[in-house]
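Visitor: Here you go, one structure.
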Amino acid sequence: MKSFYISTAISYANAAPHIGHAYEAIGADVMARFKRLDGYDVYFVTGTDEHGQKVEKSAQLAGKKPQQFVDEVAALFEGMCRSMNVSYDQFIRTTAESHKKSCQAIWKKMEEKGDIYLNKYAGWYSTRDEAFYTEADLTTLPNGKKISTETKTEVEWMEEESYFFRLSAYTDKLLALYEQQPDFVQPGFRKNEVVSFVKQGLRDLSVSRTTFDWGVPVPGALKHIMYVWVDALTNYITALGYPDTNAEKFKKYWPCDVHLIGKDIIRFHAIYWPAFLMSAGIPVQKRVFGHGFLLTEGEKMSKSLGNVISPENLIVKYGVDQSRYALMREATFGQDGDISYTLMTTRINAELANNLGNLVQRTLSMIAKNCDAKVPTPGILEDVDKALLQKAGQAMLVAVRAEFEKMQFSKAIEEFISVSHAANLYIDEQAPWTLKKTDPARMATVLYVLAEVIRNLGLIIQPFTPVAAQKILDQVAVAANERDFGFIGEAHALKAGMPLPAPSGVFPRIIEDTANSSGSAAAKTA
RNA sequence: GGCGGGGUAGCUCAGUGGUAGAGCAGAGGAAUCAUAAUCCUUGUGUCGCCGGUUCAAAUCCGGCCCUCGCUACCA
C-alpha cells in the first residue's frame, strides 16, 4: 500500500489557537482524508512548538511554570483540532522527552558532518523588539545612535557565543534540489521567491542561544539551548521515531510527502530544513506547500479591529462540516483568501443547502413516497442517464483527484458541485413527478440514476464534510465498508430493492439574523 | 532600491494572437418533486494608461501608473 505522510506546522504555544490554525489543520485534514479514501496508508501529524524565549515569557506573564503553561496551550490546540474534526494520527509536542533525544541526535549528526562550529553571534540588537537587525535595517541619527528604521527603537551592538550551522555550504545543493524536484516548493510563485533568496548566497546560521533556558540543551554544551527552528523542524522526524531510522514508521513514511505550512515560514521549511536533513544524512522531504492567510473584508483579523472570526464562532454559526467547507471553498489554497460571514453564508446556502442538500432531499423524498422506500429498480438506461452516471463516476474522481494533487481544494469542490448541478438539471428535464403519472417505470429509472449520483457525491465529499457525507451515504444504504473511492463508479452501483431509511435534511439553509448579520445567526434545523 | 506576481462585468476570478467568459449578486420567465429550494434567459465591460509590432492584441514588445509578495536568525 502506498504511504502518504502529511504534516502541519506545529503551532507556537504562546497563545490560543485562531482561525489561521484551524485553516491549516483543516487543509491538512482534507488532504489526509482524501488520500486515505483514495487507497493510501496515511500518517498525519500536527502538534505544538513549545520551546523558546517567547513561551518562557508568556508563561512568566501568566504566572505559570513553562511546562504547565504549554500543557494548557497544547490542550487548547488539540481541542481545536478535535472540534474541527481533524483526523490527525499523532499530536506531537516538542517538550516530549522523545523529541529532545531526537533533536540532540540530529544535532550530533550535523556536528559529525562538520557543519556545526562555535563562534560569536554579533549584531545590532533592539531590546524592545527582541530582534537583531542588519545594517540595512538601521538609520543612524545625527547624534551617532542607531535605530531600527521600521520600529524606531534604539539598537546596541551585542555579541553572544553561539554555535553556527554551515548553511553557506548548502547553497548549491539546495539550488540543485529545487532544480531536480520542481514541485519541492509550492505554489510555484513561492518557489521563485525561495530560489532567488538562495541565489543571493546563504550565510551560516546561528543555531544556539545562551540567553534563556526553555529549550533543548545542546549536547556537550549545556549552557547552549538549540535555536528553536532546529528544535521545531525536527518534530517531523521525531514523530516517526527518529533517531531510530529503522523504526517502522520512519521506514514507512519518511520522506514526508508534504509539509503544509503558512507562507510566513516557507524559508525555514524550504531552505533550513532540507539543509539540516542533508547534513544529517537523512533524505529530504518531497514537498513544502505554503498556504496563504485568511483576511476578512480585505484586512488582517485583529482584536483591535474587532473583526476576528474565531473557529468557535464558525462552528456555532454554521456547524463543523459547513465551516470546513466554507474555509476550503472560499480561498484559493496557496493565496490569501477573504472570508466574511456574508460570503460564507452565501456559499454554504448556494452550494451545500440549495444545490447539493436539496438535490439529496428532493430525490430521496420522491423515492420514499413513490418507490416503497427502496432503491428503485431501473429499466433500460437512456443516453442522458448514462451521461450523468459517467459524469458522476470515474470522471468526477479523476478530475477531483487532479485538483488534490495540486492541493487546489476549491477547484476540487467546483468539480463535484458541477455534478450536483447537472443532477438538478437532469431532474428538471426528466420531471419524475410527471413520469409518476405517465410512465412509472421510467420514473423509477430516473430516481435510480439520481440515487446513484447521490451515492457518488456522498463518497467524494467525505474529505470536506465527513459527518454530513456519512448521513448521505446512510440514506442511500451504502455499507460502512463500501465508502472509499474504490467504490466510486458503476461497478459498485446501488442494488435495486435495498430498503432505505426515512430521508432527513443534511445541509440546512443558514438563515441570517438581519438584526445582527455579523454575529449569531442560527441555522434552521431541518 | 533589487527580483517576482497582479491590475478583465457590481463581487471573486478564468481566459497568452482571430468576433470578450464562468460562478455569485441583480432582472425576467418556466416548473412545483424538494431546504421560498430547482431550471432557463439576461452581461454594449475604455480587458490599468500611452505607444509599437501584426491583416488581427486582453493575449507579443517598450514606457508609465497602481497594487501585492520576497529581499535571513521573534516564530
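Each chain in the C-alpha cells gets a letter, A, B, ..., in the order shown, and its residues are numbered from 1; ligands are numbered from 1 in order too.
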For chain B, list the residues within 6 Å of chain A, counting only C-alpha atoms (C1' of nucleotides), and write the list as a PyMOL selection string.
Guide: chain B and resi 33-35+37+70
Visitor: Skip Thr377 (chain A) itself and residues of its chain fewer than 6 positions away, then list as a ChimeraX atom specification all residues within 7 Å of it, counting only C-alpha atoms (C1' of nucleotides).
Guide: /A:444-445,448,496-497
Visitor: Report, in Å with one decimal, the straight-line distance from CA of Phe164 (chain A) to CA of Glu111 (chain A).
Guide: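 Between CA of Phe164 (chain A) and CA of Glu111 (chain A) the gap is 10.0 Å.
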Visitor: Just want the 6 Å neighbourhood of region 4-10 of chain B, counted on only C-alpha atoms (C1' of nucleotides), with same-chain residues fewer than 3 positions away dropped. Output as a list in words.
Guide: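 Near region 4-10 of chain B, the qualifying residues are G45, C47 and G48 of chain B.
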Visitor: Determine which residues of region 2-61 of chain A receive a DSSP assignment of helix (DSSP H, G or I), computed from the backbone, and state them as a CSV table (one decimal) with all heavy atoms, in the first residue's frame.
Guide:
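Produced file result_18.csv, reproduced below:
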```csv
chain,number,residue,atom,x,y,z
A,19,ILE,N,-8.2,31.3,13.9
A,19,ILE,CA,-8.8,30.8,12.6
A,19,ILE,C,-7.7,30.3,11.7
A,19,ILE,O,-7.9,29.3,10.9
A,19,ILE,CB,-9.7,31.8,11.9
A,19,ILE,CG1,-10.5,31.2,10.8
A,19,ILE,CG2,-8.9,33.0,11.4
A,19,ILE,CD1,-11.7,30.5,11.3
A,20,GLY,N,-6.5,30.9,11.7
A,20,GLY,CA,-5.5,30.5,10.8
A,20,GLY,C,-5.0,29.1,11.1
A,20,GLY,O,-4.6,28.3,10.2
A,21,HIS,N,-4.9,28.8,12.4
A,21,HIS,CA,-4.5,27.5,12.8
A,21,HIS,C,-5.5,26.4,12.3
A,21,HIS,O,-5.2,25.4,11.8
A,21,HIS,CB,-4.4,27.4,14.3
A,21,HIS,CG,-3.3,28.2,14.9
A,21,HIS,ND1,-3.5,29.4,15.6
A,21,HIS,CD2,-1.9,28.1,14.8
A,21,HIS,CE1,-2.4,29.9,16.0
A,21,HIS,NE2,-1.4,29.2,15.5
A,22,ALA,N,-6.8,26.8,12.5
A,22,ALA,CA,-7.9,25.9,12.0
A,22,ALA,C,-7.8,25.7,10.5
A,22,ALA,O,-8.0,24.6,10.0
A,22,ALA,CB,-9.2,26.5,12.4
A,23,TYR,N,-7.6,26.8,9.8
A,23,TYR,CA,-7.5,26.7,8.4
A,23,TYR,C,-6.4,25.7,7.9
A,23,TYR,O,-6.7,24.9,7.0
A,23,TYR,CB,-7.1,28.1,7.9
A,23,TYR,CG,-7.1,28.3,6.3
A,23,TYR,CD1,-8.1,28.0,5.5
A,23,TYR,CD2,-5.9,28.8,5.8
A,23,TYR,CE1,-8.1,28.2,4.2
A,23,TYR,CE2,-5.8,29.0,4.4
A,23,TYR,CZ,-6.9,28.7,3.6
A,23,TYR,OH,-6.8,28.9,2.3
A,24,GLU,N,-5.3,25.8,8.5
A,24,GLU,CA,-4.2,24.9,8.1
A,24,GLU,C,-4.5,23.5,8.5
A,24,GLU,O,-4.3,22.5,7.7
A,24,GLU,CB,-2.9,25.4,8.8
A,24,GLU,CG,-1.7,24.5,8.5
A,24,GLU,CD,-0.4,25.1,9.0
A,24,GLU,OE1,-0.1,26.3,8.7
A,24,GLU,OE2,0.4,24.4,9.7
A,25,ALA,N,-5.0,23.3,9.7
A,25,ALA,CA,-5.3,21.9,10.2
A,25,ALA,C,-6.4,21.3,9.3
A,25,ALA,O,-6.3,20.1,9.0
A,25,ALA,CB,-5.8,22.0,11.7
A,26,ILE,N,-7.4,22.1,8.9
A,26,ILE,CA,-8.4,21.6,8.1
A,26,ILE,C,-7.9,21.2,6.7
A,26,ILE,O,-8.3,20.2,6.1
A,26,ILE,CB,-9.6,22.5,8.0
A,26,ILE,CG1,-10.3,22.6,9.4
A,26,ILE,CG2,-10.6,22.1,7.0
A,26,ILE,CD1,-11.3,23.8,9.6
A,27,GLY,N,-7.1,22.1,6.2
A,27,GLY,CA,-6.5,21.8,4.9
A,27,GLY,C,-5.7,20.5,4.9
A,27,GLY,O,-5.9,19.7,4.0
A,28,ALA,N,-4.9,20.3,5.9
A,28,ALA,CA,-4.2,19.1,6.0
A,28,ALA,C,-5.1,17.9,6.2
A,28,ALA,O,-4.9,16.8,5.6
A,28,ALA,CB,-3.2,19.1,7.2
A,29,ASP,N,-6.2,18.1,7.0
A,29,ASP,CA,-7.1,17.0,7.2
A,29,ASP,C,-7.9,16.6,6.0
A,29,ASP,O,-8.1,15.4,5.7
A,29,ASP,CB,-8.1,17.5,8.3
A,29,ASP,CG,-9.1,16.3,8.7
A,29,ASP,OD1,-8.5,15.3,9.1
A,29,ASP,OD2,-10.3,16.5,8.5
A,30,VAL,N,-8.3,17.6,5.2
A,30,VAL,CA,-9.0,17.3,3.9
A,30,VAL,C,-8.1,16.5,3.0
A,30,VAL,O,-8.5,15.5,2.4
A,30,VAL,CB,-9.4,18.6,3.3
A,30,VAL,CG1,-9.8,18.4,1.8
A,30,VAL,CG2,-10.5,19.3,4.0
A,31,MET,N,-6.8,16.9,3.0
A,31,MET,CA,-5.9,16.1,2.2
A,31,MET,C,-5.7,14.7,2.7
A,31,MET,O,-5.7,13.7,2.0
A,31,MET,CB,-4.5,16.9,2.2
A,31,MET,CG,-3.5,16.4,1.2
A,31,MET,SD,-4.0,16.8,-0.5
A,31,MET,CE,-2.9,15.8,-1.5
A,32,ALA,N,-5.5,14.6,4.0
A,32,ALA,CA,-5.3,13.3,4.6
A,32,ALA,C,-6.5,12.4,4.4
A,32,ALA,O,-6.3,11.2,4.0
A,32,ALA,CB,-5.0,13.5,6.1
A,33,ARG,N,-7.7,12.9,4.6
A,33,ARG,CA,-8.9,12.1,4.4
A,33,ARG,C,-9.0,11.7,2.9
A,33,ARG,O,-9.4,10.5,2.7
A,33,ARG,CB,-10.1,12.9,4.8
A,33,ARG,CG,-10.3,13.0,6.3
A,33,ARG,CD,-11.5,13.9,6.6
A,33,ARG,NE,-11.6,14.2,8.1
A,33,ARG,CZ,-12.3,13.4,8.9
A,33,ARG,NH1,-12.9,12.3,8.5
A,33,ARG,NH2,-12.3,13.7,10.2
A,34,PHE,N,-8.7,12.6,2.0
A,34,PHE,CA,-8.8,12.2,0.6
A,34,PHE,C,-7.9,11.1,0.3
A,34,PHE,O,-8.2,10.1,-0.3
A,34,PHE,CB,-8.4,13.4,-0.3
A,34,PHE,CG,-8.6,13.1,-1.7
A,34,PHE,CD1,-9.8,13.4,-2.4
A,34,PHE,CD2,-7.6,12.6,-2.5
A,34,PHE,CE1,-10.0,13.1,-3.7
A,34,PHE,CE2,-7.7,12.2,-3.8
A,34,PHE,CZ,-9.0,12.5,-4.4
A,35,LYS,N,-6.6,11.2,0.8
A,35,LYS,CA,-5.6,10.1,0.5
A,35,LYS,C,-6.0,8.8,1.1
A,35,LYS,O,-5.8,7.8,0.5
A,35,LYS,CB,-4.3,10.6,1.0
A,35,LYS,CG,-3.6,11.7,0.1
A,35,LYS,CD,-3.2,11.1,-1.3
A,35,LYS,CE,-2.5,12.1,-2.2
A,35,LYS,NZ,-2.1,11.5,-3.5
A,36,ARG,N,-6.5,8.8,2.3
A,36,ARG,CA,-7.0,7.6,2.9
A,36,ARG,C,-8.0,6.9,2.1
A,36,ARG,O,-8.0,5.7,1.8
A,36,ARG,CB,-7.6,7.8,4.3
A,36,ARG,CG,-6.5,8.1,5.4
A,36,ARG,CD,-7.2,8.1,6.8
A,36,ARG,NE,-6.3,8.8,7.7
A,36,ARG,CZ,-6.6,10.0,8.2
A,36,ARG,NH1,-7.8,10.6,7.9
A,36,ARG,NH2,-5.8,10.6,9.0
A,37,LEU,N,-9.0,7.7,1.7
A,37,LEU,CA,-10.1,7.2,0.9
A,37,LEU,C,-9.6,6.7,-0.5
A,37,LEU,O,-10.3,5.9,-1.1
A,37,LEU,CB,-11.2,8.2,0.7
A,37,LEU,CG,-12.0,8.6,2.0
A,37,LEU,CD1,-12.7,9.9,1.9
A,37,LEU,CD2,-12.9,7.4,2.4
A,53,GLN,N,12.1,31.6,23.9
A,53,GLN,CA,12.0,32.7,24.8
A,53,GLN,C,10.6,33.3,25.0
A,53,GLN,O,10.2,33.6,26.1
A,53,GLN,CB,13.0,33.8,24.3
A,53,GLN,CG,13.3,34.8,25.3
A,53,GLN,CD,14.5,35.7,24.9
A,53,GLN,OE1,14.7,35.8,23.7
A,53,GLN,NE2,15.2,36.3,25.8
A,54,LYS,N,9.9,33.3,23.8
A,54,LYS,CA,8.5,33.9,23.9
A,54,LYS,C,7.6,33.0,24.8
A,54,LYS,O,6.8,33.6,25.6
A,54,LYS,CB,7.9,34.0,22.5
A,54,LYS,CG,8.4,35.2,21.8
A,54,LYS,CD,7.5,35.5,20.6
A,54,LYS,CE,7.9,36.8,19.9
A,54,LYS,NZ,7.1,37.1,18.8
A,55,VAL,N,7.7,31.7,24.7
A,55,VAL,CA,6.9,30.9,25.6
A,55,VAL,C,7.3,31.1,27.0
A,55,VAL,O,6.5,31.2,27.9
A,55,VAL,CB,7.1,29.4,25.2
A,55,VAL,CG1,6.6,28.5,26.3
A,55,VAL,CG2,6.3,29.1,23.9
A,56,GLU,N,8.6,31.1,27.2
A,56,GLU,CA,9.1,31.3,28.6
A,56,GLU,C,8.5,32.6,29.2
A,56,GLU,O,8.1,32.6,30.3
A,56,GLU,CB,10.7,31.4,28.5
A,56,GLU,CG,11.4,31.3,29.9
A,56,GLU,CD,12.9,31.3,29.7
A,56,GLU,OE1,13.4,32.1,29.0
A,56,GLU,OE2,13.5,30.3,30.2
A,57,LYS,N,8.5,33.6,28.4
A,57,LYS,CA,8.0,34.9,28.9
A,57,LYS,C,6.5,34.9,29.0
A,57,LYS,O,6.0,35.5,30.0
A,57,LYS,CB,8.4,36.1,27.9
A,57,LYS,CG,9.9,36.4,28.0
A,57,LYS,CD,10.1,37.8,27.4
A,57,LYS,CE,11.6,38.1,27.7
A,57,LYS,NZ,12.1,39.3,27.0
A,58,SER,N,5.8,34.3,28.1
A,58,SER,CA,4.3,34.2,28.2
A,58,SER,C,3.9,33.5,29.5
A,58,SER,O,3.0,33.8,30.1
A,58,SER,CB,3.7,33.5,27.0
A,58,SER,OG,4.0,34.3,25.8
A,59,ALA,N,4.7,32.4,29.8
A,59,ALA,CA,4.4,31.7,31.0
A,59,ALA,C,4.6,32.5,32.2
A,59,ALA,O,3.8,32.5,33.1
A,59,ALA,CB,5.3,30.4,31.0
A,60,GLN,N,5.7,33.2,32.2
A,60,GLN,CA,6.1,34.1,33.3
A,60,GLN,C,4.9,35.1,33.5
A,60,GLN,O,4.5,35.3,34.6
A,60,GLN,CB,7.3,34.9,33.0
A,60,GLN,CG,8.3,35.0,34.1
A,60,GLN,CD,9.7,35.4,33.6
A,60,GLN,OE1,9.7,36.3,32.7
A,60,GLN,NE2,10.8,34.8,34.0
A,61,LEU,N,4.5,35.7,32.4
A,61,LEU,CA,3.4,36.7,32.5
A,61,LEU,C,2.1,36.1,33.1
A,61,LEU,O,1.4,36.8,33.8
A,61,LEU,CB,3.1,37.2,31.1
A,61,LEU,CG,3.8,38.5,30.7
A,61,LEU,CD1,3.5,38.8,29.2
A,61,LEU,CD2,3.5,39.7,31.6
```
Visitor: Give me the residues near Lys249 (chain A) as a list in words, where near means some atom within 12 Å (using only C-alpha atoms (C1' of nucleotides)) and where sequence neighbours in that chain fewer than 6 positions away do not count.
Guide: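 Contacts, with the query itself left out: Ser3, Phe4, Tyr5, Asp41, Val42, Tyr43, Phe44, Asp89, Gln90, Tyr236, Ile237, Thr238, Ala239, Leu240, Gly241, Tyr242, Pro243, Pro255 and Cys256 of chain A.
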Visitor: What is the distance between CA of Ala16 (chain A) and CA of Cys81 (chain A), in Å to one decimal?
Guide: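 Atom-to-atom, CA of Ala16 (chain A) to CA of Cys81 (chain A), that is 12.4 Å.
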Visitor: What separation in Å, quoted to one decimal, exists between CA of Ala412 (chain A) and C1' of U42 (chain B)?
Guide: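 Separating CA of Ala412 (chain A) from C1' of U42 (chain B) is a distance of 28.9 Å.
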Visitor: Could you pull the residues within 10 Å of C13 (chain B), counting only C-alpha atoms (C1' of nucleotides), minus those fewer than 2 positions along the same chain, as a PyMOL selection string?
Guide: chain B and resi 8+11+22-23
Visitor: Store the residues picked out above in a file with all heavy atoms, as an mmCIF file, in the first residue's frame.
Guide:
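The resulting file, selection-v8.cif, is shown below:
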```cif
data_model
loop_
_atom_site.group_PDB
_atom_site.id
_atom_site.type_symbol
_atom_site.label_atom_id
_atom_site.label_comp_id
_atom_site.auth_asym_id
_atom_site.auth_seq_id
_atom_site.Cartn_x
_atom_site.Cartn_y
_atom_site.Cartn_z
ATOM 1 P P U B 8 -9.147 44.070 -12.814
ATOM 2 O OP1 U B 8 -10.238 44.978 -12.405
ATOM 3 O OP2 U B 8 -8.815 42.903 -11.990
ATOM 4 O "O5'" U B 8 -9.453 43.575 -14.291
ATOM 5 C "C5'" U B 8 -9.761 44.523 -15.303
ATOM 6 C "C4'" U B 8 -10.568 43.860 -16.375
ATOM 7 O "O4'" U B 8 -9.804 42.747 -16.929
ATOM 8 C "C3'" U B 8 -11.856 43.198 -15.910
ATOM 9 O "O3'" U B 8 -12.912 44.130 -15.772
ATOM 10 C "C2'" U B 8 -12.095 42.201 -17.031
ATOM 11 O "O2'" U B 8 -12.557 42.843 -18.199
ATOM 12 C "C1'" U B 8 -10.675 41.682 -17.261
ATOM 13 N N1 U B 8 -10.355 40.528 -16.404
ATOM 14 C C2 U B 8 -10.811 39.285 -16.812
ATOM 15 O O2 U B 8 -11.447 39.105 -17.830
ATOM 16 N N3 U B 8 -10.480 38.250 -15.976
ATOM 17 C C4 U B 8 -9.779 38.327 -14.795
ATOM 18 O O4 U B 8 -9.557 37.309 -14.163
ATOM 19 C C5 U B 8 -9.351 39.653 -14.439
ATOM 20 C C6 U B 8 -9.655 40.671 -15.237
ATOM 21 P P C B 11 -16.481 45.501 -8.375
ATOM 22 O OP1 C B 11 -15.505 46.314 -7.618
ATOM 23 O OP2 C B 11 -16.160 45.042 -9.742
ATOM 24 O "O5'" C B 11 -16.863 44.238 -7.497
ATOM 25 C "C5'" C B 11 -16.873 44.315 -6.068
ATOM 26 C "C4'" C B 11 -17.032 42.923 -5.507
ATOM 27 O "O4'" C B 11 -18.245 42.346 -6.041
ATOM 28 C "C3'" C B 11 -15.946 41.947 -5.936
ATOM 29 O "O3'" C B 11 -14.825 42.033 -5.069
ATOM 30 C "C2'" C B 11 -16.653 40.609 -5.828
ATOM 31 O "O2'" C B 11 -16.719 40.146 -4.500
ATOM 32 C "C1'" C B 11 -18.057 40.971 -6.309
ATOM 33 N N1 C B 11 -18.249 40.740 -7.743
ATOM 34 C C2 C B 11 -18.393 39.423 -8.194
ATOM 35 O O2 C B 11 -18.339 38.497 -7.383
ATOM 36 N N3 C B 11 -18.598 39.200 -9.515
ATOM 37 C C4 C B 11 -18.651 40.221 -10.360
ATOM 38 N N4 C B 11 -18.870 39.943 -11.651
ATOM 39 C C5 C B 11 -18.495 41.572 -9.929
ATOM 40 C C6 C B 11 -18.296 41.784 -8.625
ATOM 41 P P A B 22 -20.652 33.068 -19.664
ATOM 42 O OP1 A B 22 -21.793 32.305 -20.166
ATOM 43 O OP2 A B 22 -20.812 34.498 -19.304
ATOM 44 O "O5'" A B 22 -20.053 32.314 -18.389
ATOM 45 C "C5'" A B 22 -19.688 30.936 -18.481
ATOM 46 C "C4'" A B 22 -19.143 30.481 -17.164
ATOM 47 O "O4'" A B 22 -17.874 31.134 -16.909
ATOM 48 C "C3'" A B 22 -19.998 30.850 -15.959
ATOM 49 O "O3'" A B 22 -21.044 29.911 -15.771
ATOM 50 C "C2'" A B 22 -18.972 30.787 -14.832
ATOM 51 O "O2'" A B 22 -18.687 29.454 -14.459
ATOM 52 C "C1'" A B 22 -17.745 31.392 -15.512
ATOM 53 N N9 A B 22 -17.658 32.848 -15.339
ATOM 54 C C8 A B 22 -18.058 33.821 -16.217
ATOM 55 N N7 A B 22 -17.841 35.042 -15.785
ATOM 56 C C5 A B 22 -17.258 34.854 -14.532
ATOM 57 C C6 A B 22 -16.795 35.760 -13.570
ATOM 58 N N6 A B 22 -16.831 37.078 -13.713
ATOM 59 N N1 A B 22 -16.281 35.246 -12.427
ATOM 60 C C2 A B 22 -16.240 33.918 -12.290
ATOM 61 N N3 A B 22 -16.640 32.959 -13.125
ATOM 62 C C4 A B 22 -17.141 33.507 -14.249
ATOM 63 P P G B 23 -22.354 30.321 -14.970
ATOM 64 O OP1 G B 23 -23.309 29.200 -15.055
ATOM 65 O OP2 G B 23 -22.758 31.669 -15.436
ATOM 66 O "O5'" G B 23 -21.850 30.450 -13.470
ATOM 67 C "C5'" G B 23 -21.491 29.286 -12.730
ATOM 68 C "C4'" G B 23 -20.990 29.705 -11.365
ATOM 69 O "O4'" G B 23 -19.767 30.457 -11.524
ATOM 70 C "C3'" G B 23 -21.913 30.659 -10.619
ATOM 71 O "O3'" G B 23 -22.947 29.968 -9.932
ATOM 72 C "C2'" G B 23 -20.942 31.327 -9.653
ATOM 73 O "O2'" G B 23 -20.619 30.494 -8.570
ATOM 74 C "C1'" G B 23 -19.716 31.498 -10.558
ATOM 75 N N9 G B 23 -19.767 32.781 -11.266
ATOM 76 C C8 G B 23 -20.205 33.010 -12.542
ATOM 77 N N7 G B 23 -20.158 34.278 -12.878
ATOM 78 C C5 G B 23 -19.659 34.914 -11.753
ATOM 79 C C6 G B 23 -19.389 36.285 -11.513
ATOM 80 O O6 G B 23 -19.546 37.241 -12.286
ATOM 81 N N1 G B 23 -18.907 36.492 -10.230
ATOM 82 C C2 G B 23 -18.708 35.504 -9.302
ATOM 83 N N2 G B 23 -18.230 35.907 -8.121
ATOM 84 N N3 G B 23 -18.943 34.220 -9.506
ATOM 85 C C4 G B 23 -19.417 33.998 -10.741
#
```
Visitor: Please identify all polymer residues within 12 Å of C64 (chain B), counting only C-alpha atoms (C1' of nucleotides), omitting same-chain residues fewer than 4 positions from it, and present them as a list in words.
Guide: G48, C49, C50 and G51 of chain B
Visitor: Would you save the residues from that selection as a compact mmCIF listing (two decimals), in the first residue's frame, using all heavy atoms?
Guide:
```txt
# COMPACT_ATOMS: atom_id res chain seq x y z
P G B 48 -6.34 45.74 -18.33
OP1 G B 48 -5.52 45.64 -19.53
OP2 G B 48 -6.15 44.85 -17.17
O5' G B 48 -6.27 47.25 -17.82
C5' G B 48 -7.33 47.82 -17.04
C4' G B 48 -6.86 49.13 -16.50
O4' G B 48 -5.83 48.88 -15.52
C3' G B 48 -6.21 50.03 -17.53
O3' G B 48 -7.19 50.81 -18.21
C2' G B 48 -5.29 50.90 -16.67
O2' G B 48 -6.01 51.92 -16.02
C1' G B 48 -4.81 49.87 -15.64
N9 G B 48 -3.58 49.20 -16.04
C8 G B 48 -3.38 47.85 -16.23
N7 G B 48 -2.16 47.57 -16.59
C5 G B 48 -1.51 48.78 -16.62
C6 G B 48 -0.17 49.11 -16.94
O6 G B 48 0.75 48.35 -17.27
N1 G B 48 0.07 50.48 -16.84
C2 G B 48 -0.88 51.41 -16.50
N2 G B 48 -0.46 52.68 -16.46
N3 G B 48 -2.13 51.13 -16.20
C4 G B 48 -2.37 49.81 -16.28
P C B 49 -7.02 51.09 -19.79
OP1 C B 49 -8.30 51.63 -20.29
OP2 C B 49 -6.40 49.91 -20.43
O5' C B 49 -5.95 52.27 -19.79
C5' C B 49 -6.25 53.54 -19.21
C4' C B 49 -5.04 54.44 -19.31
O4' C B 49 -3.98 53.88 -18.49
C3' C B 49 -4.42 54.51 -20.70
O3' C B 49 -5.09 55.46 -21.51
C2' C B 49 -3.00 54.94 -20.37
O2' C B 49 -2.90 56.31 -20.07
C1' C B 49 -2.73 54.12 -19.11
N1 C B 49 -2.10 52.83 -19.41
C2 C B 49 -0.73 52.82 -19.71
O2 C B 49 -0.12 53.89 -19.72
N3 C B 49 -0.13 51.64 -19.99
C4 C B 49 -0.82 50.51 -19.98
N4 C B 49 -0.18 49.38 -20.25
C5 C B 49 -2.23 50.49 -19.69
C6 C B 49 -2.82 51.66 -19.42
P C B 50 -5.05 55.24 -23.11
OP1 C B 50 -5.90 56.30 -23.68
OP2 C B 50 -5.32 53.83 -23.42
O5' C B 50 -3.53 55.56 -23.49
C5' C B 50 -3.01 56.88 -23.35
C4' C B 50 -1.57 56.90 -23.77
O4' C B 50 -0.78 56.07 -22.87
C3' C B 50 -1.27 56.28 -25.14
O3' C B 50 -1.53 57.18 -26.19
C2' C B 50 0.22 55.99 -25.02
O2' C B 50 1.01 57.15 -25.20
C1' C B 50 0.32 55.52 -23.58
N1 C B 50 0.25 54.04 -23.48
C2 C B 50 1.43 53.32 -23.69
O2 C B 50 2.48 53.94 -23.93
N3 C B 50 1.41 51.98 -23.64
C4 C B 50 0.26 51.35 -23.39
N4 C B 50 0.27 50.02 -23.34
C5 C B 50 -0.97 52.06 -23.18
C6 C B 50 -0.92 53.40 -23.23
P G B 51 -1.83 56.56 -27.68
OP1 G B 51 -2.07 57.73 -28.56
OP2 G B 51 -2.86 55.50 -27.56
O5' G B 51 -0.45 55.87 -28.09
C5' G B 51 0.59 56.65 -28.66
C4' G B 51 1.85 55.82 -28.75
O4' G B 51 2.08 55.12 -27.50
C3' G B 51 1.89 54.68 -29.77
O3' G B 51 2.08 55.12 -31.09
C2' G B 51 3.10 53.90 -29.27
O2' G B 51 4.30 54.53 -29.62
C1' G B 51 2.89 53.97 -27.76
N9 G B 51 2.19 52.76 -27.31
C8 G B 51 0.87 52.62 -26.93
N7 G B 51 0.56 51.38 -26.63
C5 G B 51 1.74 50.66 -26.83
C6 G B 51 2.01 49.29 -26.69
O6 G B 51 1.25 48.38 -26.33
N1 G B 51 3.34 48.99 -27.00
C2 G B 51 4.28 49.91 -27.41
N2 G B 51 5.50 49.44 -27.67
N3 G B 51 4.03 51.20 -27.55
C4 G B 51 2.75 51.50 -27.25
```
